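Undergrad: Handing you a structure now.
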Amino acid sequence: MSSDEVLLSASGVSKRFNVGSRGLLGGRLQLSAVDNVSLEIKKGETLGLVGESGCGKSSLARCLTRLYDVDEGTITFDGRDITNLGRRQMQPLRSEMQMIFQDPYGSLNPRRRVGSIIGDALAIHGNRGKGTRRQQVQELMEIVGLNPEHYNRYPADFSGGQRQRIGIARALALKPKLIVCDEPVSALDVSIQAQVINLLQDLQREFDLTYLFISHDLSVVQHISDRIAVMYLGRIVESGPVEEVFTASSHPYTRALLSAKPIADPRAAEQRDRIVLAGDLPSPISPPSGCRFHPRCPKAEQDCVTVVPTLEILRGAGPDAQRVECLHPLEADQDLSSFTPSIADTIIGADAAATGSREVAS
Amino acid sequence: MVLLHVTDLNVSFDTDDGVVKAVRGISFDVDRGKTLGIVGESGSGKSVSTQTLAGLTRGARVSGSAQFDGLDLIKASPSQRRSVLGRKIGMIFQDPLTSLHPAYRVGAQIVETIRAHDRSISKRAARLRAIELLGMVGIPFPSERVDEFPHQFSGGMRQRVMIAMAMALDPTLLIADEPTTALDVTVQAQVLELMRKVQAEFGTAIILITHDLGVIADVADDVAVMYAGTIVERAPRDEIFYQPHHPYTEGLLDSMPGRVERGQPLRPVKGSPPSLIDLPPGCPFAPRCPYRFDRCDQEVPVLQTVFGDEQHQSACFLPTEIEERKALREQLVEKGGIR
Ligand SMILES: Nc1ncnc2c1ncn2[C@@H]1O[C@H](COP(=O)(O)OP(=O)(O)OP(=O)(O)O)[C@@H](O)[C@H]1O
Ligand SMILES: Nc1ncnc2c1ncn2[C@@H]1O[C@H](COP(=O)(O)OP(=O)(O)OP(=O)(O)O)[C@@H](O)[C@H]1O
Ligand code: SF4
Ligand code: SF4
Ligand SMILES: [Mg+2]
Ligand SMILES: [Mg+2]
């Protein structure tokens, strides 16, 4: 279970990418992928990170694990400031922060046998366990639910769910403290997805692992996370314990996102109000002024266009506080669909009103 | 009223490894103005079965029939099929990037679709129709964006363009293969909303293929559950969700996060689907089925009416009487067979 000890913390982290040299004066365009993000991950917990495609989840994860250099802010891991550590200094820490990716096919070398894929990870770390390397690998295979006799097989001989288990075994081999799971079950069918989620949770208990769990599937995140952080266009707009954010979200974007979550229960699905957001995610190259959500926000007011909101505590304290980045947060009992957008310059054709910002499913 | 009547459709592929029996004797109906959801694991034959209707499975061995509007799509000549496809049957594919040509303007592609079926429509009229369609699917400033290229549109917009193209000739049937799988939930909500709107307005029948039960819950009237190339259960939507008969359907529902308390483990279906080259002799689900008994390994179950409801059919040997079936599940849960 999670303690109150913080394993990783980020403060004011920003990451920008140079994207081509365009513009009238030939100036370089910059894309703001992560903007002034602060968060904490407690030892033994699962922090869920959600948000639309391109909002910066993977970029943030890569900043936190120092696969990317950050442009601003500081990152502390296990009590140590790692913001400016060089490649060599990071090396010993690498094994403590592992990543599991979405694509179990692409992240495994197809020409190597499973035994070597997992064994290499052990070699990097230096043998610390008992027995031969083969025995250790087979033990890991058993832990993740693979048949140890398949030691000599190639990734192609395994199903998608099994390949994801190989990726998990490889990460575990290094005895990490933190595992960043970047959409680890998104490519898997539900029946297989459930197997992998259970495995991740069992391993967490057994080895006292801390997870940063990235997913666009809100039901999965709700199930596995202790706390969640919601990202929109490079910023964390709301965070807090998962129950509170799911039942009493106060950021208009969180509300809209949750209302779009598919529910595999037709009667429940029919009963809820659905907020269909107008327009698309704006470009992070020239993000909107003020609150980055204002062009799509049904609740936006005049000040939202100019004032940049910051992440403030709404209730609670410490890492378990619910925080929101909004000038006019919703009350728990307030209904977002009752607001008429006044600022949202969402550009939709008259005929397209049905896909407009406040469509409520009947 | 039945619009599409598919009977005993079989599709197989000869490969170096052997014959892949991708679709094995499926039958289903689609009613006018209704949505049939087809759900099932990856590789269960969802795409192959509908692509075969459109004549898109080249090199496959196909048998069976598919009656649509007085024409058997399986036996039809390529030219007969062409007269129906695009005009009376619109299709949307999973990946909007591969379905729109990157080098041509969006509007030109819609105009081409319209005129391919009816040369008597002038370019000008077709362009106006394209703008109208783009507006209908919620593309902002359609009269300006009609001249943009696909890469200038977001993923959600491209998928909406695909719907616009599929709807260009007012088809009576729309086949949508995972139309929202590549999209974010917020955009998915927009696209599903749009499909609902189109159906309400034009009475279009829809076949919606997905592996997402949440999408099925949202838009399907009837559901067919596919497993290893066969339909294992078929029923109106609510029956599937609240009174499933087939253990695979039950397993799919049980594996959903949200079906258990947080902190409890999920209830996956154990194992993985069989190879379509080398199928088990009896029930294809037997190796993974928690209810499996002797008969399951010897005989292949076929669809039969269950729970006294003509519309509800399941291919499984378990009791077809509702209380008996429920009692079996309870026993299994107690024994820890479903944890
Ligand atoms: N190396 C890079 N160079 C330039 N731009 C990048 C780079 N990596 C990411 N981006 C951009 O940064 C933004 C955030 O991307 P990121 O991959 O972090 O998003 P994400 O939330 O992980 O999305 P997804 O859910 O699709 O994985 C996007 O606009 C993306 O195009
Ligand atoms: N041209 C082909 N040659 C050989 N096998 C094929 C061919 N096309 C499809 N298959 C096989 O037929 C089976 C059914 O494939 P299909 O694409 O219909 O699955 P699906 O249910 O749509 O899966 P997904 O959810 O992954 O899209 C798969 O095992 C696939 O590998
Ligand atoms: S700050 Fe304004 S625009 Fe931003 S989310 Fe809050 S109300 Fe909406
Ligand atoms: S026929 Fe037997 S093995 Fe197949 S689903 Fe029914 S109980 Fe399970
Ligand atoms: Mg990502
Ligand atoms: Mg498919």
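Identifiers in this document derive from the order of the structure tokens: chains are assigned A, B, ..., residues are numbered from 1 separately in each chain, and ligands are numbered from 1 in order of occurrence.
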If we count only C-alpha atoms and set the cut-off at 12 Å, which residues sit around Asp14 (chain B), ignoring sequence neighbours fewer than 2 positions away in its own chain? Please answer as a list in words.
TA: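 Using only C-alpha atoms, the neighbours found are Val11, Ser12, Asp16, Asp17, Gly18, Val19, Val20, Lys21, Ala22, Arg58, Gly59, Ala60, Arg61, Val62, Leu276 and Ile277 of chain B.
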Undergrad: Hey, which residues sit close to ligand 3? Say within 8 Å, counting only C-alpha atoms and all ligand atoms, and write them as a PyMOL selection string.
TA: chain A and resi 251-253+290-301+303-305+307-309+325-329
Undergrad: Residues contacting ligand 4 - anything with an atom at most 8 Å away, using only C-alpha atoms and all ligand atoms - can you give me those as a VMD selection string?
TA: chain B and resid 246 to 248 282 to 293 295 to 297 300 to 301 315 to 318
Undergrad: Which residues are near Thr305 (chain B)? Cut-off 12 Å, only C-alpha atoms, ignore same chain within fewer than 3 positions. Put them as a ChimeraX atom specification.
TA: /B:232-235,245-246,302,308-322
Undergrad: List every residue of chain B that has an atom at most 6 Å from any atom of ligand 2, giving for each one its closest atom pair and the distance in Å to one decimal, counting only C-alpha atoms and all ligand atoms, sorted by chain and then by ascending residue number, as CSV.
TA:
```
residue,atom,partner,partner_atom_place_in_ligand_line,distance
B:Phe13,CA,ligand 2,4 (C),5.0
B:Val20,CA,ligand 2,5 (N),5.7
B:Ala22,CA,ligand 2,12 (O),4.2
B:Glu41,CA,ligand 2,25 (O),5.7
B:Ser42,CA,ligand 2,25 (O),3.4
B:Gly43,CA,ligand 2,19 (O),3.4
B:Ser44,CA,ligand 2,21 (O),3.9
B:Gly45,CA,ligand 2,18 (O),3.1
B:Lys46,CA,ligand 2,21 (O),3.7
B:Ser47,CA,ligand 2,22 (O),3.6
B:Val48,CA,ligand 2,18 (O),3.6
```
Undergrad: Please produce a file of those selected residues containing all heavy atoms, as a JSON list (two decimals), in the first residue's frame.
TA:
```json
[["chain", "number", "residue", "atom", "x", "y", "z"],
["B", 13, "PHE", "N", -8.81, -18.59, -46.08],
["B", 13, "PHE", "CA", -7.62, -18.17, -46.83],
["B", 13, "PHE", "C", -6.63, -19.33, -46.88],
["B", 13, "PHE", "O", -6.38, -19.95, -45.84],
["B", 13, "PHE", "CB", -6.94, -16.98, -46.15],
["B", 13, "PHE", "CG", -7.80, -15.77, -46.02],
["B", 13, "PHE", "CD1", -8.53, -15.55, -44.85],
["B", 13, "PHE", "CD2", -7.88, -14.84, -47.04],
["B", 13, "PHE", "CE1", -9.32, -14.42, -44.71],
["B", 13, "PHE", "CE2", -8.67, -13.71, -46.90],
["B", 13, "PHE", "CZ", -9.39, -13.49, -45.75],
["B", 20, "VAL", "N", -6.63, -20.89, -43.27],
["B", 20, "VAL", "CA", -7.14, -20.07, -42.18],
["B", 20, "VAL", "C", -8.65, -19.96, -42.33],
["B", 20, "VAL", "O", -9.15, -19.33, -43.26],
["B", 20, "VAL", "CB", -6.51, -18.65, -42.20],
["B", 20, "VAL", "CG1", -7.12, -17.77, -41.10],
["B", 20, "VAL", "CG2", -5.01, -18.73, -42.03],
["B", 22, "ALA", "N", -11.31, -18.13, -41.41],
["B", 22, "ALA", "CA", -11.53, -16.86, -40.73],
["B", 22, "ALA", "C", -12.98, -16.64, -40.35],
["B", 22, "ALA", "O", -13.28, -16.08, -39.30],
["B", 22, "ALA", "CB", -11.03, -15.72, -41.62],
["B", 41, "GLU", "N", -13.13, -10.43, -30.01],
["B", 41, "GLU", "CA", -11.71, -10.19, -29.87],
["B", 41, "GLU", "C", -11.03, -9.98, -31.21],
["B", 41, "GLU", "O", -11.55, -10.35, -32.25],
["B", 41, "GLU", "CB", -11.07, -11.40, -29.16],
["B", 41, "GLU", "CG", -10.93, -11.18, -27.67],
["B", 41, "GLU", "CD", -10.62, -12.46, -26.92],
["B", 41, "GLU", "OE1", -11.40, -13.41, -27.04],
["B", 41, "GLU", "OE2", -9.62, -12.49, -26.23],
["B", 42, "SER", "N", -9.83, -9.45, -31.15],
["B", 42, "SER", "CA", -9.02, -9.29, -32.34],
["B", 42, "SER", "C", -8.84, -10.64, -33.03],
["B", 42, "SER", "O", -8.56, -11.63, -32.40],
["B", 42, "SER", "CB", -7.66, -8.74, -31.92],
["B", 42, "SER", "OG", -6.89, -8.48, -33.04],
["B", 43, "GLY", "N", -9.06, -10.66, -34.35],
["B", 43, "GLY", "CA", -8.88, -11.90, -35.09],
["B", 43, "GLY", "C", -10.11, -12.79, -35.12],
["B", 43, "GLY", "O", -10.07, -13.89, -35.67],
["B", 44, "SER", "N", -11.23, -12.33, -34.56],
["B", 44, "SER", "CA", -12.41, -13.19, -34.50],
["B", 44, "SER", "C", -13.18, -13.21, -35.82],
["B", 44, "SER", "O", -14.13, -13.97, -35.97],
["B", 44, "SER", "CB", -13.32, -12.77, -33.35],
["B", 44, "SER", "OG", -13.71, -11.43, -33.48],
["B", 45, "GLY", "N", -12.80, -12.37, -36.77],
["B", 45, "GLY", "CA", -13.42, -12.42, -38.09],
["B", 45, "GLY", "C", -14.40, -11.30, -38.38],
["B", 45, "GLY", "O", -15.12, -11.34, -39.37],
["B", 46, "LYS", "N", -14.39, -10.26, -37.55],
["B", 46, "LYS", "CA", -15.33, -9.16, -37.73],
["B", 46, "LYS", "C", -15.11, -8.45, -39.06],
["B", 46, "LYS", "O", -16.04, -8.25, -39.83],
["B", 46, "LYS", "CB", -15.18, -8.15, -36.57],
["B", 46, "LYS", "CG", -15.32, -8.76, -35.19],
["B", 46, "LYS", "CD", -15.20, -7.73, -34.08],
["B", 46, "LYS", "CE", -13.86, -7.04, -33.96],
["B", 46, "LYS", "NZ", -12.75, -7.93, -33.55],
["B", 47, "SER", "N", -13.86, -8.07, -39.31],
["B", 47, "SER", "CA", -13.59, -7.32, -40.53],
["B", 47, "SER", "C", -13.74, -8.19, -41.77],
["B", 47, "SER", "O", -14.34, -7.77, -42.77],
["B", 47, "SER", "CB", -12.17, -6.74, -40.51],
["B", 47, "SER", "OG", -12.03, -5.86, -39.43],
["B", 48, "VAL", "N", -13.20, -9.41, -41.71],
["B", 48, "VAL", "CA", -13.26, -10.28, -42.87],
["B", 48, "VAL", "C", -14.71, -10.51, -43.29],
["B", 48, "VAL", "O", -15.04, -10.47, -44.48],
["B", 48, "VAL", "CB", -12.55, -11.62, -42.60],
["B", 48, "VAL", "CG1", -12.90, -12.65, -43.66],
["B", 48, "VAL", "CG2", -11.04, -11.42, -42.55]]
```
Undergrad: Just want the residues within 8 Å of ligand 5, written as a ChimeraX atom specification, counting only C-alpha atoms and all ligand atoms.
TA: /A:53-54,56-59,182-183,214
Undergrad: Filtering to N, CA, C and O atoms, could you give me those residues as a short mmCIF file (atom, residue, chain, number, x, y, z; two decimals), in the first residue's frame?
TA:
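Okay, this is what ended up in part-v3.cif:
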```
data_model
loop_
_atom_site.label_atom_id
_atom_site.label_comp_id
_atom_site.auth_asym_id
_atom_site.auth_seq_id
_atom_site.Cartn_x
_atom_site.Cartn_y
_atom_site.Cartn_z
N SER A 53 -5.06 12.38 -26.77
CA SER A 53 -3.86 12.15 -27.56
C SER A 53 -3.16 13.47 -27.86
O SER A 53 -3.80 14.45 -28.25
N GLY A 54 -1.86 13.52 -27.62
CA GLY A 54 -1.10 14.72 -27.92
C GLY A 54 -1.08 15.74 -26.80
O GLY A 54 -0.51 16.82 -26.95
N GLY A 56 0.49 15.49 -24.05
CA GLY A 56 1.82 15.58 -23.44
C GLY A 56 2.12 14.51 -22.39
O GLY A 56 3.11 14.63 -21.67
N LYS A 57 1.31 13.49 -22.32
CA LYS A 57 1.50 12.46 -21.28
C LYS A 57 2.86 11.76 -21.42
O LYS A 57 3.62 11.66 -20.46
N SER A 58 3.16 11.28 -22.64
CA SER A 58 4.43 10.57 -22.84
C SER A 58 5.60 11.51 -22.66
O SER A 58 6.63 11.14 -22.08
N SER A 59 5.48 12.73 -23.14
CA SER A 59 6.57 13.70 -22.99
C SER A 59 6.84 13.96 -21.52
O SER A 59 8.00 14.00 -21.09
N ASP A 182 3.25 3.20 -19.99
CA ASP A 182 2.69 4.11 -20.99
C ASP A 182 1.72 3.34 -21.88
O ASP A 182 2.14 2.65 -22.80
N GLU A 183 0.45 3.43 -21.58
CA GLU A 183 -0.61 2.72 -22.32
C GLU A 183 -0.30 1.23 -22.42
O GLU A 183 -0.35 0.65 -23.51
N ILE A 214 -0.12 5.56 -17.47
CA ILE A 214 -0.68 6.44 -18.49
C ILE A 214 -1.68 5.69 -19.32
O ILE A 214 -1.39 4.59 -19.81
#
```
Undergrad: Can you tell me which residues sit at most 12 Å away from ligand 6, counting only C-alpha atoms and all ligand atoms, written as a PDB file with N, CA and C atoms, in the first residue's frame?
TA:
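Writing the result to out_39.pdb gives the following:
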```pdb
ATOM      1  N   ALA B  22     -11.312 -18.133 -41.410  1.00  0.00           N
ATOM      2  CA  ALA B  22     -11.526 -16.856 -40.735  1.00  0.00           C
ATOM      3  C   ALA B  22     -12.981 -16.637 -40.350  1.00  0.00           C
ATOM      4  N   ILE B  38     -21.321  -5.564 -34.020  1.00  0.00           N
ATOM      5  CA  ILE B  38     -20.572  -6.829 -34.029  1.00  0.00           C
ATOM      6  C   ILE B  38     -19.363  -6.646 -33.118  1.00  0.00           C
ATOM      7  N   VAL B  39     -19.281  -7.496 -32.100  1.00  0.00           N
ATOM      8  CA  VAL B  39     -18.217  -7.330 -31.118  1.00  0.00           C
ATOM      9  C   VAL B  39     -17.456  -8.644 -30.997  1.00  0.00           C
ATOM     10  N   GLY B  40     -16.197  -8.580 -30.637  1.00  0.00           N
ATOM     11  CA  GLY B  40     -15.405  -9.800 -30.488  1.00  0.00           C
ATOM     12  C   GLY B  40     -13.933  -9.462 -30.441  1.00  0.00           C
ATOM     13  N   GLU B  41     -13.134 -10.425 -30.006  1.00  0.00           N
ATOM     14  CA  GLU B  41     -11.710 -10.194 -29.868  1.00  0.00           C
ATOM     15  C   GLU B  41     -11.026  -9.980 -31.211  1.00  0.00           C
ATOM     16  N   SER B  42      -9.829  -9.455 -31.146  1.00  0.00           N
ATOM     17  CA  SER B  42      -9.018  -9.290 -32.339  1.00  0.00           C
ATOM     18  C   SER B  42      -8.842 -10.637 -33.034  1.00  0.00           C
ATOM     19  N   GLY B  43      -9.059 -10.658 -34.348  1.00  0.00           N
ATOM     20  CA  GLY B  43      -8.882 -11.902 -35.093  1.00  0.00           C
ATOM     21  C   GLY B  43     -10.109 -12.789 -35.124  1.00  0.00           C
ATOM     22  N   SER B  44     -11.230 -12.334 -34.562  1.00  0.00           N
ATOM     23  CA  SER B  44     -12.412 -13.190 -34.504  1.00  0.00           C
ATOM     24  C   SER B  44     -13.184 -13.210 -35.822  1.00  0.00           C
ATOM     25  N   GLY B  45     -12.800 -12.375 -36.771  1.00  0.00           N
ATOM     26  CA  GLY B  45     -13.424 -12.421 -38.092  1.00  0.00           C
ATOM     27  C   GLY B  45     -14.398 -11.300 -38.380  1.00  0.00           C
ATOM     28  N   LYS B  46     -14.387 -10.261 -37.555  1.00  0.00           N
ATOM     29  CA  LYS B  46     -15.328  -9.160 -37.729  1.00  0.00           C
ATOM     30  C   LYS B  46     -15.108  -8.447 -39.057  1.00  0.00           C
ATOM     31  N   SER B  47     -13.858  -8.071 -39.310  1.00  0.00           N
ATOM     32  CA  SER B  47     -13.586  -7.319 -40.535  1.00  0.00           C
ATOM     33  C   SER B  47     -13.736  -8.193 -41.767  1.00  0.00           C
ATOM     34  N   VAL B  48     -13.201  -9.411 -41.706  1.00  0.00           N
ATOM     35  CA  VAL B  48     -13.258 -10.277 -42.872  1.00  0.00           C
ATOM     36  C   VAL B  48     -14.711 -10.511 -43.295  1.00  0.00           C
ATOM     37  N   SER B  49     -15.617 -10.700 -42.338  1.00  0.00           N
ATOM     38  CA  SER B  49     -16.993 -10.996 -42.732  1.00  0.00           C
ATOM     39  C   SER B  49     -17.632  -9.828 -43.463  1.00  0.00           C
ATOM     40  N   THR B  50     -17.404  -8.605 -42.998  1.00  0.00           N
ATOM     41  CA  THR B  50     -18.034  -7.485 -43.701  1.00  0.00           C
ATOM     42  C   THR B  50     -17.276  -7.104 -44.971  1.00  0.00           C
ATOM     43  N   GLN B  51     -15.950  -7.277 -44.954  1.00  0.00           N
ATOM     44  CA  GLN B  51     -15.202  -6.976 -46.178  1.00  0.00           C
ATOM     45  C   GLN B  51     -15.599  -7.924 -47.299  1.00  0.00           C
ATOM     46  N   ILE B  92     -17.036   2.723 -43.871  1.00  0.00           N
ATOM     47  CA  ILE B  92     -16.028   3.507 -43.152  1.00  0.00           C
ATOM     48  C   ILE B  92     -15.021   2.533 -42.573  1.00  0.00           C
ATOM     49  N   PHE B  93     -13.742   2.788 -42.804  1.00  0.00           N
ATOM     50  CA  PHE B  93     -12.737   1.858 -42.303  1.00  0.00           C
ATOM     51  C   PHE B  93     -12.056   2.400 -41.066  1.00  0.00           C
ATOM     52  N   GLN B  94     -11.326   1.507 -40.423  1.00  0.00           N
ATOM     53  CA  GLN B  94     -10.737   1.809 -39.134  1.00  0.00           C
ATOM     54  C   GLN B  94      -9.766   2.988 -39.160  1.00  0.00           C
ATOM     55  N   ASP B  95      -8.899   3.003 -40.150  1.00  0.00           N
ATOM     56  CA  ASP B  95      -7.842   4.004 -40.150  1.00  0.00           C
ATOM     57  C   ASP B  95      -8.103   5.088 -41.181  1.00  0.00           C
ATOM     58  N   ALA B 176     -19.517   0.343 -40.673  1.00  0.00           N
ATOM     59  CA  ALA B 176     -18.463   1.115 -40.010  1.00  0.00           C
ATOM     60  C   ALA B 176     -17.577   0.153 -39.223  1.00  0.00           C
ATOM     61  N   ASP B 177     -16.341  -0.018 -39.686  1.00  0.00           N
ATOM     62  CA  ASP B 177     -15.414  -0.958 -39.048  1.00  0.00           C
ATOM     63  C   ASP B 177     -14.525  -0.195 -38.067  1.00  0.00           C
ATOM     64  N   GLU B 178     -14.781  -0.346 -36.788  1.00  0.00           N
ATOM     65  CA  GLU B 178     -14.020   0.337 -35.734  1.00  0.00           C
ATOM     66  C   GLU B 178     -13.873   1.829 -36.043  1.00  0.00           C
ATOM     67  N   PRO B 179     -14.975   2.543 -36.259  1.00  0.00           N
ATOM     68  CA  PRO B 179     -14.854   3.938 -36.707  1.00  0.00           C
ATOM     69  C   PRO B 179     -14.256   4.859 -35.655  1.00  0.00           C
ATOM     70  N   THR B 181     -12.056   3.645 -32.999  1.00  0.00           N
ATOM     71  CA  THR B 181     -11.016   2.992 -32.214  1.00  0.00           C
ATOM     72  C   THR B 181      -9.751   3.830 -32.104  1.00  0.00           C
ATOM     73  N   LEU B 208     -22.012  -1.815 -37.063  1.00  0.00           N
ATOM     74  CA  LEU B 208     -20.904  -1.201 -36.352  1.00  0.00           C
ATOM     75  C   LEU B 208     -20.010  -2.286 -35.767  1.00  0.00           C
ATOM     76  N   ILE B 209     -18.781  -2.333 -36.243  1.00  0.00           N
ATOM     77  CA  ILE B 209     -17.833  -3.331 -35.753  1.00  0.00           C
ATOM     78  C   ILE B 209     -16.956  -2.695 -34.698  1.00  0.00           C
ATOM     79  N   THR B 210     -16.811  -3.343 -33.575  1.00  0.00           N
ATOM     80  CA  THR B 210     -15.975  -2.776 -32.521  1.00  0.00           C
ATOM     81  C   THR B 210     -15.555  -3.877 -31.553  1.00  0.00           C
ATOM     82  N   HIS B 211     -14.478  -3.632 -30.810  1.00  0.00           N
ATOM     83  CA  HIS B 211     -14.174  -4.563 -29.736  1.00  0.00           C
ATOM     84  C   HIS B 211     -14.530  -3.927 -28.401  1.00  0.00           C
ATOM     85  N   MET B 226     -18.855 -12.314 -31.763  1.00  0.00           N
ATOM     86  CA  MET B 226     -18.082 -13.261 -32.568  1.00  0.00           C
ATOM     87  C   MET B 226     -16.931 -13.847 -31.771  1.00  0.00           C
ATOM     88  N   GLY B 229     -14.267 -16.842 -35.514  1.00  0.00           N
ATOM     89  CA  GLY B 229     -14.905 -16.986 -36.820  1.00  0.00           C
ATOM     90  C   GLY B 229     -16.371 -17.347 -36.815  1.00  0.00           C
TER      91      GLY B 229
END
```
Undergrad: Can you list, as a PyMOL selection string, every protein, DNA or RNA residue that comes within 10 Å of region 235-242 of chain A when you count only C-alpha atoms, leaving out same-chain residues fewer than 3 positions away?
TA: chain A and resi 13-14+32-39+47-51+55-57+60+221-232+245-254+291-293+309-316+319-326
Undergrad: Quick one: DSSP helix (DSSP H, G or I) residues in region 171-327 of chain B, as number ranges by chain?
TA: B: 185-202, 213-219, 237-242, 247-254, 286-288, 294-298, 322-327
Undergrad: Write out, as JSON lines, each residue of chain B that has an atom at most 12 Å from ligand 1, together with the closest pair of atoms and their distance in Å to one decimal, counting only C-alpha atoms and all ligand atoms, rows going by chain and rising number.
TA:
```
{"residue": "B:Ser154", "atom": "CA", "partner": "ligand 1", "partner_atom_place_in_ligand_line": "29 (O)", "distance": 11.6}
{"residue": "B:Gly155", "atom": "CA", "partner": "ligand 1", "partner_atom_place_in_ligand_line": "26 (O)", "distance": 10.9}
{"residue": "B:Ala182", "atom": "CA", "partner": "ligand 1", "partner_atom_place_in_ligand_line": "26 (O)", "distance": 9.7}
{"residue": "B:Leu183", "atom": "CA", "partner": "ligand 1", "partner_atom_place_in_ligand_line": "26 (O)", "distance": 9.5}
{"residue": "B:Asp184", "atom": "CA", "partner": "ligand 1", "partner_atom_place_in_ligand_line": "25 (O)", "distance": 8.3}
{"residue": "B:Val185", "atom": "CA", "partner": "ligand 1", "partner_atom_place_in_ligand_line": "25 (O)", "distance": 11.2}
```
Undergrad: Distance table requested - chain B against chain A, cut-off 6 Å, only C-alpha atoms: one row per qualifying residue with the closest atom pair and its distance in Å to one decimal, ordered by chain and rising residue number, as JSON lines.
TA:
```
{"residue": "B:Glu41", "atom": "CA", "partner": "A:Asp189", "partner_atom": "CA", "distance": 5.9}
{"residue": "B:Gly135", "atom": "CA", "partner": "A:Gly349", "partner_atom": "CA", "distance": 5.8}
{"residue": "B:Met136", "atom": "CA", "partner": "A:Ala352", "partner_atom": "CA", "distance": 5.5}
{"residue": "B:Gly138", "atom": "CA", "partner": "A:Ala352", "partner_atom": "CA", "distance": 4.5}
{"residue": "B:Pro140", "atom": "CA", "partner": "A:Ile348", "partner_atom": "CA", "distance": 4.7}
{"residue": "B:Asp184", "atom": "CA", "partner": "A:Glu52", "partner_atom": "CA", "distance": 5.8}
{"residue": "B:Val185", "atom": "CA", "partner": "A:Ala260", "partner_atom": "CA", "distance": 5.7}
{"residue": "B:Thr186", "atom": "CA", "partner": "A:Ala260", "partner_atom": "CA", "distance": 5.5}
{"residue": "B:Ala189", "atom": "CA", "partner": "A:Ala260", "partner_atom": "CA", "distance": 5.8}
{"residue": "B:Gln190", "atom": "CA", "partner": "A:Thr355", "partner_atom": "CA", "distance": 5.9}
{"residue": "B:Leu213", "atom": "CA", "partner": "A:Ala264", "partner_atom": "CA", "distance": 5.3}
{"residue": "B:Gly214", "atom": "CA", "partner": "A:Ala264", "partner_atom": "CA", "distance": 4.0}
{"residue": "B:Ala217", "atom": "CA", "partner": "A:Pro266", "partner_atom": "CA", "distance": 4.6}
{"residue": "B:Leu252", "atom": "CA", "partner": "A:Ser191", "partner_atom": "CA", "distance": 5.9}
{"residue": "B:Ser255", "atom": "CA", "partner": "A:Ser191", "partner_atom": "CA", "distance": 5.4}
{"residue": "B:Pro257", "atom": "CA", "partner": "A:Val220", "partner_atom": "CA", "distance": 5.8}
{"residue": "B:Arg262", "atom": "CA", "partner": "A:His223", "partner_atom": "CA", "distance": 5.4}
{"residue": "B:Pro265", "atom": "CA", "partner": "A:Asn198", "partner_atom": "CA", "distance": 5.8}
{"residue": "B:Leu266", "atom": "CA", "partner": "A:Ala194", "partner_atom": "CA", "distance": 5.8}
{"residue": "B:Pro268", "atom": "CA", "partner": "A:Ala194", "partner_atom": "CA", "distance": 4.9}
{"residue": "B:Val269", "atom": "CA", "partner": "A:Ser191", "partner_atom": "CA", "distance": 5.1}
```
Undergrad: Name the residues of region 146-201 of chain A that come out as strand (DSSP E) in a backbone DSSP run; write them as an MDAnalysis selection string.
TA: chainID A and resid 178:182
Undergrad: Quick check, in Å to one decimal: how far apart do CA of Leu31 (chain A) and CA of Ile100 (chain A) lie?
TA: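 Interatomic distance, CA of Leu31 (chain A) to CA of Ile100 (chain A): 25.7 Å.
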Undergrad: Excluding Ala103 (chain B) and any residue of its chain fewer than 6 positions from it, enumerate the residues within 12 Å of it, using only C-alpha atoms, and give them as a PyMOL selection string.
TA: chain B and resi 97+109+147-152
Undergrad: Residues at most 9 Å from Ile118 (chain A), counting only C-alpha atoms, excluding those fewer than 2 positions away in the same chain, as an NGL selection string?
TA: :A and (113-116 or 120-122 or 137 or 140-141 or 166-167 or 169-171 or 173)
Undergrad: Report, in Å to a single decimal, how far apart CA of Gly86 (chain B) and CA of Ala166 (chain B) are.
TA: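 Between these atoms lies a distance of 6.7 Å.
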Undergrad: Give me, as a VMD selection string, all polymer residues having an atom no more than 9 Å from Asp78 (chain A), counting only C-alpha atoms and skipping those fewer than 3 positions away in the same chain.
TA: chain A and resid 6 to 9 81
Undergrad: Would you save the residues from that selection as a compact mmCIF listing (two decimals), in the first residue's frame, using N, CA, C and O atoms?
TA:
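The resulting file, selection12.txt, is shown below:
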```txt
# COMPACT_ATOMS: atom_id res chain seq x y z
N VAL A 6 7.27 10.43 -0.47
CA VAL A 6 7.23 10.74 -1.90
C VAL A 6 8.43 10.12 -2.60
O VAL A 6 9.56 10.29 -2.16
N LEU A 7 8.18 9.40 -3.68
CA LEU A 7 9.28 8.78 -4.43
C LEU A 7 9.79 9.73 -5.50
O LEU A 7 10.98 9.88 -5.70
N LEU A 8 8.83 10.35 -6.20
CA LEU A 8 9.23 11.24 -7.27
C LEU A 8 8.43 12.52 -7.19
O LEU A 8 7.22 12.48 -6.96
N SER A 9 9.11 13.64 -7.32
CA SER A 9 8.32 14.87 -7.38
C SER A 9 8.86 15.78 -8.46
O SER A 9 10.05 15.80 -8.76
N ASP A 81 17.95 15.32 -6.17
CA ASP A 81 17.62 16.18 -7.31
C ASP A 81 18.29 15.61 -8.57
O ASP A 81 19.52 15.58 -8.66
```
